[in-house]
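Note: the block below is input.tsv and it holds TSV, C-alpha atoms.
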```tsv
chain	number	residue	atom	x	y	z
N	1	MET	CA	192.00	-15.19	-23.38
N	2	ARG	CA	189.95	-18.33	-22.82
N	3	LEU	CA	190.72	-18.13	-19.09
N	4	VAL	CA	189.36	-14.59	-18.98
N	5	TRP	CA	186.19	-15.38	-20.92
N	6	GLN	CA	185.50	-18.52	-18.91
N	7	LEU	CA	186.07	-16.73	-15.61
N	8	LEU	CA	183.84	-13.85	-16.62
N	9	ALA	CA	181.02	-16.15	-17.71
N	10	VAL	CA	181.09	-18.40	-14.64
N	11	VAL	CA	181.55	-15.52	-12.18
N	12	ALA	CA	178.67	-13.63	-13.80
N	13	VAL	CA	176.23	-16.53	-13.56
N	14	ALA	CA	177.45	-17.30	-10.02
N	15	PHE	CA	176.83	-13.68	-9.01
N	16	VAL	CA	173.33	-13.59	-10.51
N	17	GLY	CA	172.42	-16.96	-9.00
N	18	GLY	CA	173.90	-16.02	-5.64
N	19	GLN	CA	171.95	-12.77	-5.52
N	20	ALA	CA	168.72	-14.58	-6.39
N	21	VAL	CA	169.27	-17.21	-3.69
N	22	ALA	CA	170.27	-14.57	-1.12
N	23	ALA	CA	167.14	-12.54	-1.89
N	24	ALA	CA	165.05	-15.57	-0.91
N	25	GLU	CA	166.98	-16.10	2.35
N	26	ASP	CA	163.85	-15.89	4.56
N	27	MET	CA	161.69	-17.84	2.09
N	28	PRO	CA	163.10	-21.39	2.06
N	29	TRP	CA	160.65	-22.82	-0.46
N	30	VAL	CA	161.41	-19.97	-2.85
N	31	GLN	CA	165.11	-20.52	-2.22
N	32	LEU	CA	164.68	-24.15	-3.27
N	33	VAL	CA	162.84	-23.15	-6.44
N	34	VAL	CA	165.45	-20.51	-7.30
N	35	GLY	CA	168.62	-22.39	-6.28
N	36	VAL	CA	168.23	-25.53	-8.37
N	37	PRO	CA	167.59	-23.66	-11.67
N	38	ALA	CA	170.54	-21.39	-10.83
N	39	ALA	CA	172.74	-24.48	-10.62
N	40	VAL	CA	171.42	-25.81	-13.93
N	41	LEU	CA	171.96	-22.43	-15.59
N	42	ALA	CA	175.58	-22.36	-14.38
N	43	VAL	CA	176.22	-25.77	-15.98
N	44	LEU	CA	174.71	-24.61	-19.27
N	45	VAL	CA	176.77	-21.41	-19.28
N	46	TYR	CA	179.98	-23.32	-18.53
N	47	ARG	CA	179.30	-25.82	-21.32
N	48	TRP	CA	178.62	-22.98	-23.71
N	49	VAL	CA	181.61	-20.78	-22.92
N	50	VAL	CA	184.12	-23.65	-22.74
N	51	GLY	CA	182.79	-25.16	-25.95
N	52	ARG	CA	183.07	-21.81	-27.72
N	53	THR	CA	186.51	-20.82	-26.39
N	54	GLU	CA	188.20	-24.24	-26.63
N	55	ARG	CA	186.31	-25.67	-29.61
N	56	ARG	CA	185.98	-29.17	-28.17
N	57	PRO	CA	183.33	-31.40	-26.64
N	58	VAL	CA	182.97	-30.43	-22.96
N	59	THR	CA	183.66	-33.96	-21.74
N	60	GLU	CA	184.10	-32.94	-18.10
N	61	LEU	CA	180.37	-32.21	-18.04
N	62	ALA	CA	179.14	-35.04	-20.25
N	63	LEU	CA	175.46	-35.35	-19.41
N	64	ALA	CA	175.45	-39.15	-19.63
N	65	ASP	CA	177.81	-39.29	-16.64
N	66	ALA	CA	175.81	-36.91	-14.47
N	67	PRO	CA	173.21	-39.03	-12.59
N	68	ALA	CA	175.52	-41.80	-11.36
N	69	ALA	CA	178.47	-39.53	-10.58
N	70	LEU	CA	176.34	-36.93	-8.79
N	71	GLY	CA	174.72	-39.68	-6.76
N	72	ARG	CA	178.03	-41.28	-5.80
N	73	GLY	CA	179.55	-37.94	-4.93
N	74	THR	CA	176.58	-36.91	-2.79
N	75	LEU	CA	176.65	-40.18	-0.87
N	76	ILE	CA	180.41	-39.99	-0.28
N	77	GLY	CA	180.25	-36.36	0.83
N	78	ALA	CA	177.35	-37.03	3.20
N	79	ALA	CA	179.06	-40.13	4.59
N	80	LEU	CA	182.30	-38.25	5.24
N	81	PHE	CA	180.53	-35.49	7.12
N	82	GLY	CA	178.43	-38.11	8.93
N	83	ALA	CA	181.68	-39.67	10.14
N	84	VAL	CA	182.73	-36.29	11.56
N	85	VAL	CA	179.40	-35.95	13.39
N	86	VAL	CA	179.62	-39.49	14.78
N	87	ASN	CA	182.99	-38.63	16.32
N	88	LEU	CA	181.60	-35.40	17.80
N	89	LEU	CA	178.51	-37.23	19.06
N	90	THR	CA	180.44	-40.03	20.79
N	91	ALA	CA	182.75	-37.45	22.37
N	92	GLY	CA	179.73	-35.56	23.75
N	93	TYR	CA	180.27	-32.43	21.63
N	94	TYR	CA	177.18	-32.80	19.43
N	95	GLU	CA	173.61	-33.19	20.72
N	96	VAL	CA	170.27	-33.55	18.96
N	97	ASP	CA	167.29	-32.02	20.75
N	98	GLY	CA	164.63	-32.90	18.18
N	99	ILE	CA	163.39	-31.89	14.76
N	100	GLY	CA	164.49	-28.51	13.52
N	101	SER	CA	163.10	-26.82	10.39
N	102	VAL	CA	161.80	-28.91	7.50
N	103	PRO	CA	161.30	-25.80	5.30
N	104	GLY	CA	164.83	-24.73	6.24
N	105	ALA	CA	166.18	-28.10	5.15
N	106	ALA	CA	164.31	-27.78	1.84
N	107	GLY	CA	165.61	-24.27	1.22
N	108	LEU	CA	169.17	-25.42	1.86
N	109	VAL	CA	168.87	-27.87	-1.04
N	110	GLY	CA	168.64	-24.92	-3.40
N	111	PHE	CA	171.29	-22.88	-1.58
N	112	MET	CA	173.82	-25.73	-1.41
N	113	ALA	CA	173.15	-26.87	-4.99
N	114	ALA	CA	173.82	-23.41	-6.40
N	115	ALA	CA	176.95	-22.98	-4.25
N	116	ALA	CA	178.39	-26.43	-5.01
N	117	VAL	CA	177.88	-26.18	-8.76
N	118	THR	CA	179.19	-22.64	-9.24
N	119	GLU	CA	182.21	-23.13	-6.98
N	120	GLU	CA	183.20	-26.38	-8.69
N	121	LEU	CA	182.80	-24.91	-12.15
N	122	LEU	CA	184.94	-21.93	-11.17
N	123	PHE	CA	187.68	-23.56	-9.08
N	124	ARG	CA	187.97	-27.04	-10.59
N	125	GLY	CA	186.47	-26.52	-14.04
N	126	VAL	CA	188.22	-23.28	-14.95
N	127	LEU	CA	191.05	-22.37	-12.57
N	128	PHE	CA	192.47	-25.80	-11.75
N	129	ARG	CA	192.01	-27.27	-15.22
N	130	ILE	CA	193.76	-24.45	-17.04
N	131	THR	CA	196.46	-24.00	-14.38
N	132	GLU	CA	197.19	-27.73	-14.50
N	133	GLU	CA	197.94	-27.54	-18.22
N	134	ARG	CA	200.83	-25.18	-17.45
N	135	THR	CA	202.11	-26.37	-14.08
N	136	GLY	CA	201.07	-29.99	-13.70
N	137	THR	CA	198.59	-31.56	-11.30
N	138	TRP	CA	200.32	-31.14	-7.96
N	139	ILE	CA	201.28	-27.49	-8.27
N	140	ALA	CA	197.84	-26.61	-9.64
N	141	LEU	CA	196.21	-28.49	-6.77
N	142	VAL	CA	198.19	-26.53	-4.18
N	143	LEU	CA	197.67	-23.16	-5.87
N	144	THR	CA	193.92	-23.45	-6.49
N	145	GLY	CA	193.32	-25.18	-3.16
N	146	THR	CA	195.03	-22.32	-1.34
N	147	LEU	CA	192.96	-19.78	-3.27
N	148	PHE	CA	189.80	-21.72	-2.42
N	149	GLY	CA	190.67	-21.52	1.27
N	150	LEU	CA	191.48	-17.81	1.10
N	151	VAL	CA	188.14	-17.02	-0.53
N	152	HIS	CA	186.39	-18.47	2.52
N	153	LEU	CA	187.96	-15.76	4.67
N	154	LEU	CA	185.17	-13.56	3.35
N	155	ASN	CA	182.57	-15.54	5.34
N	156	PRO	CA	181.24	-13.85	8.51
N	157	ASP	CA	182.73	-16.24	11.10
N	158	ALA	CA	185.83	-17.30	9.20
N	159	GLY	CA	189.38	-17.13	10.46
N	160	ALA	CA	192.90	-18.14	9.47
N	161	TRP	CA	192.53	-21.75	10.63
N	162	GLY	CA	189.17	-22.07	8.86
N	163	ALA	CA	190.78	-20.98	5.60
N	164	VAL	CA	193.64	-23.45	6.08
N	165	ALA	CA	191.20	-26.26	6.86
N	166	ILE	CA	189.10	-25.53	3.77
N	167	ALA	CA	192.22	-25.38	1.60
N	168	ILE	CA	193.30	-28.81	2.85
N	169	GLU	CA	189.88	-30.46	2.95
N	170	ALA	CA	187.92	-29.06	0.05
N	171	GLY	CA	190.78	-27.70	-2.02
N	172	GLY	CA	192.52	-31.06	-1.85
N	173	MET	CA	189.66	-33.56	-1.84
N	174	LEU	CA	187.45	-31.93	-4.46
N	175	THR	CA	190.36	-31.35	-6.82
N	176	ALA	CA	191.54	-34.93	-6.34
N	177	ALA	CA	188.03	-36.18	-7.16
N	178	TYR	CA	188.16	-34.24	-10.43
N	179	VAL	CA	191.64	-35.55	-11.28
N	180	ALA	CA	190.61	-39.14	-10.55
N	181	THR	CA	187.60	-38.98	-12.87
N	182	ARG	CA	188.38	-36.06	-15.21
N	183	LYS	CA	184.73	-35.16	-14.74
N	184	LEU	CA	183.18	-32.37	-12.66
N	185	TRP	CA	180.11	-34.32	-11.59
N	186	LEU	CA	181.80	-36.26	-8.78
N	187	PRO	CA	183.30	-33.18	-7.06
N	188	ILE	CA	179.99	-31.34	-7.49
N	189	GLY	CA	178.20	-34.22	-5.78
N	190	LEU	CA	180.86	-34.42	-3.05
N	191	HIS	CA	180.63	-30.69	-2.42
N	192	PHE	CA	176.84	-30.75	-2.26
N	193	GLY	CA	176.64	-33.91	-0.13
N	194	TRP	CA	179.15	-32.62	2.42
N	195	ASN	CA	177.59	-29.16	2.69
N	196	TYR	CA	174.00	-30.37	2.74
N	197	ALA	CA	174.73	-32.99	5.39
N	198	ALA	CA	176.43	-30.28	7.47
N	199	GLY	CA	173.71	-27.64	7.22
N	200	GLY	CA	170.60	-29.28	5.83
N	201	VAL	CA	170.62	-32.46	7.92
N	202	PHE	CA	172.80	-32.00	11.03
N	203	SER	CA	172.19	-28.22	11.34
N	204	THR	CA	175.80	-27.32	11.99
N	205	GLU	CA	177.57	-24.18	10.81
N	206	VAL	CA	178.95	-24.40	7.27
N	207	SER	CA	182.22	-22.55	6.65
N	208	GLY	CA	181.38	-19.80	9.16
N	209	ASN	CA	178.54	-18.62	6.94
N	210	ASP	CA	175.72	-18.13	9.49
N	211	THR	CA	173.89	-21.16	8.07
N	212	PRO	CA	170.13	-21.38	8.85
N	213	GLN	CA	168.76	-24.33	10.79
N	214	GLY	CA	168.23	-27.57	8.90
N	215	LEU	CA	166.36	-30.79	9.63
N	216	LEU	CA	167.68	-31.43	13.15
N	217	ASP	CA	167.56	-29.14	16.18
N	218	SER	CA	171.13	-29.63	17.36
N	219	THR	CA	173.85	-28.09	19.50
N	220	THR	CA	177.59	-28.30	18.95
N	221	SER	CA	179.91	-27.30	21.79
N	222	GLY	CA	183.35	-28.22	23.00
N	223	PRO	CA	187.02	-27.61	22.24
N	224	THR	CA	187.45	-25.55	19.07
N	225	PRO	CA	190.10	-27.89	17.56
N	226	LEU	CA	187.52	-30.69	17.63
N	227	THR	CA	184.28	-28.81	16.92
N	228	GLY	CA	185.59	-26.04	14.68
N	229	GLY	CA	184.07	-23.34	16.90
N	230	ASP	CA	182.14	-20.58	15.13
N	231	PHE	CA	183.45	-21.75	11.76
N	232	GLY	CA	181.66	-25.08	12.16
N	233	PRO	CA	182.90	-28.68	11.99
N	234	GLU	CA	184.80	-27.99	8.78
N	235	GLY	CA	187.35	-26.43	11.13
N	236	SER	CA	187.56	-29.67	13.11
N	237	VAL	CA	190.61	-31.90	13.01
N	238	TYR	CA	188.18	-34.75	12.34
N	239	SER	CA	187.16	-33.10	9.07
N	240	VAL	CA	190.76	-32.50	8.06
N	241	LEU	CA	191.65	-36.12	8.78
N	242	PHE	CA	188.75	-37.70	6.88
N	243	CYS	CA	189.12	-35.40	3.88
N	244	VAL	CA	192.87	-35.95	3.68
N	245	LEU	CA	192.24	-39.71	3.65
N	246	ALA	CA	189.71	-39.24	0.84
N	247	THR	CA	192.22	-37.08	-1.05
N	248	VAL	CA	194.84	-39.82	-0.80
N	249	VAL	CA	192.39	-42.39	-2.19
N	250	PHE	CA	191.35	-40.16	-5.10
N	251	MET	CA	194.94	-39.30	-5.99
N	252	TRP	CA	195.87	-42.98	-5.86
N	253	LEU	CA	193.08	-43.67	-8.33
N	254	ALA	CA	194.21	-40.74	-10.47
N	255	ARG	CA	197.77	-42.03	-10.64
N	256	ARG	CA	196.60	-45.56	-11.37
N	257	ARG	CA	194.47	-44.26	-14.24
N	258	GLY	CA	197.26	-42.13	-15.69
N	259	HIS	CA	195.44	-38.87	-14.94
N	260	VAL	CA	198.24	-37.08	-13.08
N	261	VAL	CA	199.85	-34.42	-15.28
N	262	PRO	CA	203.62	-34.05	-14.68
N	263	ARG	CA	205.25	-30.82	-13.59
N	264	GLY	CA	205.36	-28.36	-16.43
N	265	GLY	CA	202.00	-29.51	-17.76
N	266	HIS	CA	201.07	-31.76	-20.66
N	267	THR	CA	198.21	-31.73	-23.14
N	268	ALA	CA	197.22	-35.26	-22.13
N	269	GLY	CA	195.81	-33.82	-18.92
N	270	ARG	CA	193.14	-31.87	-20.77
N	271	PRO	CA	189.57	-33.18	-20.50
N	272	GLY	CA	189.24	-33.45	-24.24
N	273	THR	CA	191.90	-36.17	-24.36
N	274	ALA	CA	191.44	-37.74	-20.93
N	275	ALA	CA	189.38	-40.59	-22.38
N	276	THR	CA	192.47	-41.89	-24.22
N	277	LEU	CA	194.62	-42.15	-21.12
N	278	PRO	CA	195.40	-45.65	-19.80
N	279	ARG	CA	193.22	-46.87	-17.00
```
Please render this file's structure as structure tokens.
Amino acid sequence: MRLVWQLLAVVAVAFVGGQAVAAAEDMPWVQLVVGVPAAVLAVLVYRWVVGRTERRPVTELALADAPAALGRGTLIGAALFGAVVVNLLTAGYYEVDGIGSVPGAAGLVGFMAAAAVTEELLFRGVLFRITEERTGTWIALVLTGTLFGLVHLLNPDAGAWGAVAIAIEAGGMLTAAYVATRKLWLPIGLHFGWNYAAGGVFSTEVSGNDTPQGLLDSTTSGPTPLTGGDFGPEGSVYSVLFCVLATVVFMWLARRRGHVVPRGGHTAGRPGTAATLPR
């Protein structure tokens, strides 16, 4: 039953926050003001429901770890997407024409923060974590990563390849970041940094979601396998390559730290006991 209660709580707060952010779509400063508190509320709800249903300290969201891990994750996510843009730029598929919308960039902070937090709490914090206890790390990674990709088919300009790319990139990399640290802060930061760099800074499409213009006035054009087409650069082979490399690094760290749960699951993989695992 804990899976049901946790899903209900996180989905409910994600829905309320998403509706509030969507209602402020044409008011970027309001979107900023609404989005950040929505993200904070989601964290509080997750801590409350997991603490109540599992009767343990919610170590995966330990507040002492938040500032450094969020910062590292944001920098890594932004750097990875920056590497994608550099490749598109040098190939002549990405051009900057000037400054875009500063208010738009500000509003996207709130939008991306709410999305990154709620999606990580739902997919890594609830679905992956509980599935991993029963199936082990690798099977849970594949199952929840696939589901994460399929959910993105609901976006306006999504397609089959976009869903596959998201499953490989985000489903793999973000889950691996959680496994490596047994904390949710790093994948939250990664998710936010990647998405905000994509939409808020470089003004590219994010997951085929009709993303508003960010800081730069830019144009992306060229072969769909390299640019991602209407789905955005997340559908680019560059994105898949860089995120797969990051996934390999995170899973190497996870194995080195003894964080990989064997097939069939094991209680040592649970966040409440992760601190006792060998590093």
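Considering only C-alpha atoms, the residue among N:Thr135, N:Asn209, N:Ser203, N:Thr146 positioned nearest to Ala170 of chain N is N:Thr146.
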Near Leu216 of chain N, counting all atoms listed in the file, which residues have an atom at most 12 Å away, once you skip same-chain residues fewer than 5 positions from it, shown as a PyMOL selection string? chain N and resi 94-105+197-204
Grab the atom CA of Leu150 of chain N to atom CA of Ala39 of chain N distance for me, in Å with one decimal place.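 Atom CA of Ala39 of chain N lies at a distance of 23.1 Å from atom CA of Leu150 of chain N.
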For a test of reading the model, state the distance in Å between atom CA of Phe81 of chain N and atom CA of Trp194 of chain N, rounded to one decimal.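 Atom CA of Trp194 of chain N lies 5.7 Å from atom CA of Phe81 of chain N.
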Residues within 12 Å of (188.8, -41.3, 8.3), file coordinates, counting all atoms listed in the file: what are they? Give the list as a list in words. Ala79, Leu80, Phe81, Gly82, Ala83, Val84, Val85, Val86, Asn87, Val237, Tyr238, Ser239, Val240, Leu241, Phe242, Cys243, Val244, Leu245, Ala246, Thr247, Val248 and Val249 of chain N
Now that the selection is made, can you save its residues with C-alpha atoms as an mmCIF file, in the frame of the given file?
```
data_model
loop_
_atom_site.group_PDB
_atom_site.id
_atom_site.type_symbol
_atom_site.label_atom_id
_atom_site.label_comp_id
_atom_site.auth_asym_id
_atom_site.auth_seq_id
_atom_site.Cartn_x
_atom_site.Cartn_y
_atom_site.Cartn_z
ATOM 1 C CA ALA N 79 179.060 -40.130 4.590
ATOM 2 C CA LEU N 80 182.300 -38.250 5.240
ATOM 3 C CA PHE N 81 180.530 -35.490 7.120
ATOM 4 C CA GLY N 82 178.430 -38.110 8.930
ATOM 5 C CA ALA N 83 181.680 -39.670 10.140
ATOM 6 C CA VAL N 84 182.730 -36.290 11.560
ATOM 7 C CA VAL N 85 179.400 -35.950 13.390
ATOM 8 C CA VAL N 86 179.620 -39.490 14.780
ATOM 9 C CA ASN N 87 182.990 -38.630 16.320
ATOM 10 C CA VAL N 237 190.610 -31.900 13.010
ATOM 11 C CA TYR N 238 188.180 -34.750 12.340
ATOM 12 C CA SER N 239 187.160 -33.100 9.070
ATOM 13 C CA VAL N 240 190.760 -32.500 8.060
ATOM 14 C CA LEU N 241 191.650 -36.120 8.780
ATOM 15 C CA PHE N 242 188.750 -37.700 6.880
ATOM 16 C CA CYS N 243 189.120 -35.400 3.880
ATOM 17 C CA VAL N 244 192.870 -35.950 3.680
ATOM 18 C CA LEU N 245 192.240 -39.710 3.650
ATOM 19 C CA ALA N 246 189.710 -39.240 0.840
ATOM 20 C CA THR N 247 192.220 -37.080 -1.050
ATOM 21 C CA VAL N 248 194.840 -39.820 -0.800
ATOM 22 C CA VAL N 249 192.390 -42.390 -2.190
#
```
All residues 10 Å or closer to segment 44-57 of chain N, only C-alpha atoms, same chain fewer than 2 positions away omitted, as JSON, numbers by chain: {"N": [1, 2, 3, 5, 6, 7, 8, 9, 10, 12, 13, 38, 39, 40, 41, 42, 59, 60, 61, 62, 118, 121, 122, 125, 126, 271, 272, 273]}
For atom CA of Glu169 of chain N and atom CA of His152 of chain N, quote the distance in Å rounded to one decimal.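 It comes out at 12.5 Å.
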Looking at N:Gly17, N:Pro67, N:Gly228, N:Gly107, which one is nearest to Thr211 of chain N, with distances taken over all atoms listed in the file?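 Looking only at the distances to Thr211 of chain N, the closest residue turns out to be N:Gly107.
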Around the point (195.9, -24.1, -6.9), in the coordinates given by the file, pick out the residues reaching within 9 Å, counting all atoms listed in the file, and return them as a VMD selection string. chain N and resid 123 127 to 128 131 to 132 138 to 148 171
My list of candidates is N:Arg255, N:Thr220, N:Gly235, N:Phe250. Which is closest to Leu89 of chain N when distances are computed with all atoms listed in the file?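 Of N:Arg255, N:Thr220, N:Gly235, N:Phe250, the one nearest Leu89 of chain N, counting all atoms listed in the file, is N:Thr220.
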Contact residues around Ala69 of chain N with all atoms listed in the file at 9 Å, ignoring same-chain residues under 6 positions, as a tab-separated table (two decimals) with C-alpha atoms, in the coordinates of the input:
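That gives us selection.tsv:
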```
chain	number	residue	atom	x	y	z
N	183	LYS	CA	184.73	-35.16	-14.74
N	184	LEU	CA	183.18	-32.37	-12.66
N	185	TRP	CA	180.11	-34.32	-11.59
N	186	LEU	CA	181.80	-36.26	-8.78
N	187	PRO	CA	183.30	-33.18	-7.06
N	188	ILE	CA	179.99	-31.34	-7.49
N	189	GLY	CA	178.20	-34.22	-5.78
```
Measuring between all atoms listed in the file, which one of N:Tyr196, N:Glu120, N:Ala165, N:Val260 shows the shortest distance to Gly214 of chain N?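 Using all atoms listed in the file, the shortest distance to Gly214 of chain N belongs to N:Tyr196.
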Residue nearest Arg182 of chain N - candidates N:Ala68, N:Leu75, N:Leu88, N:Val58, atoms counted: all atoms listed in the file: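 Closest residue, counting all atoms listed in the file: N:Val58.
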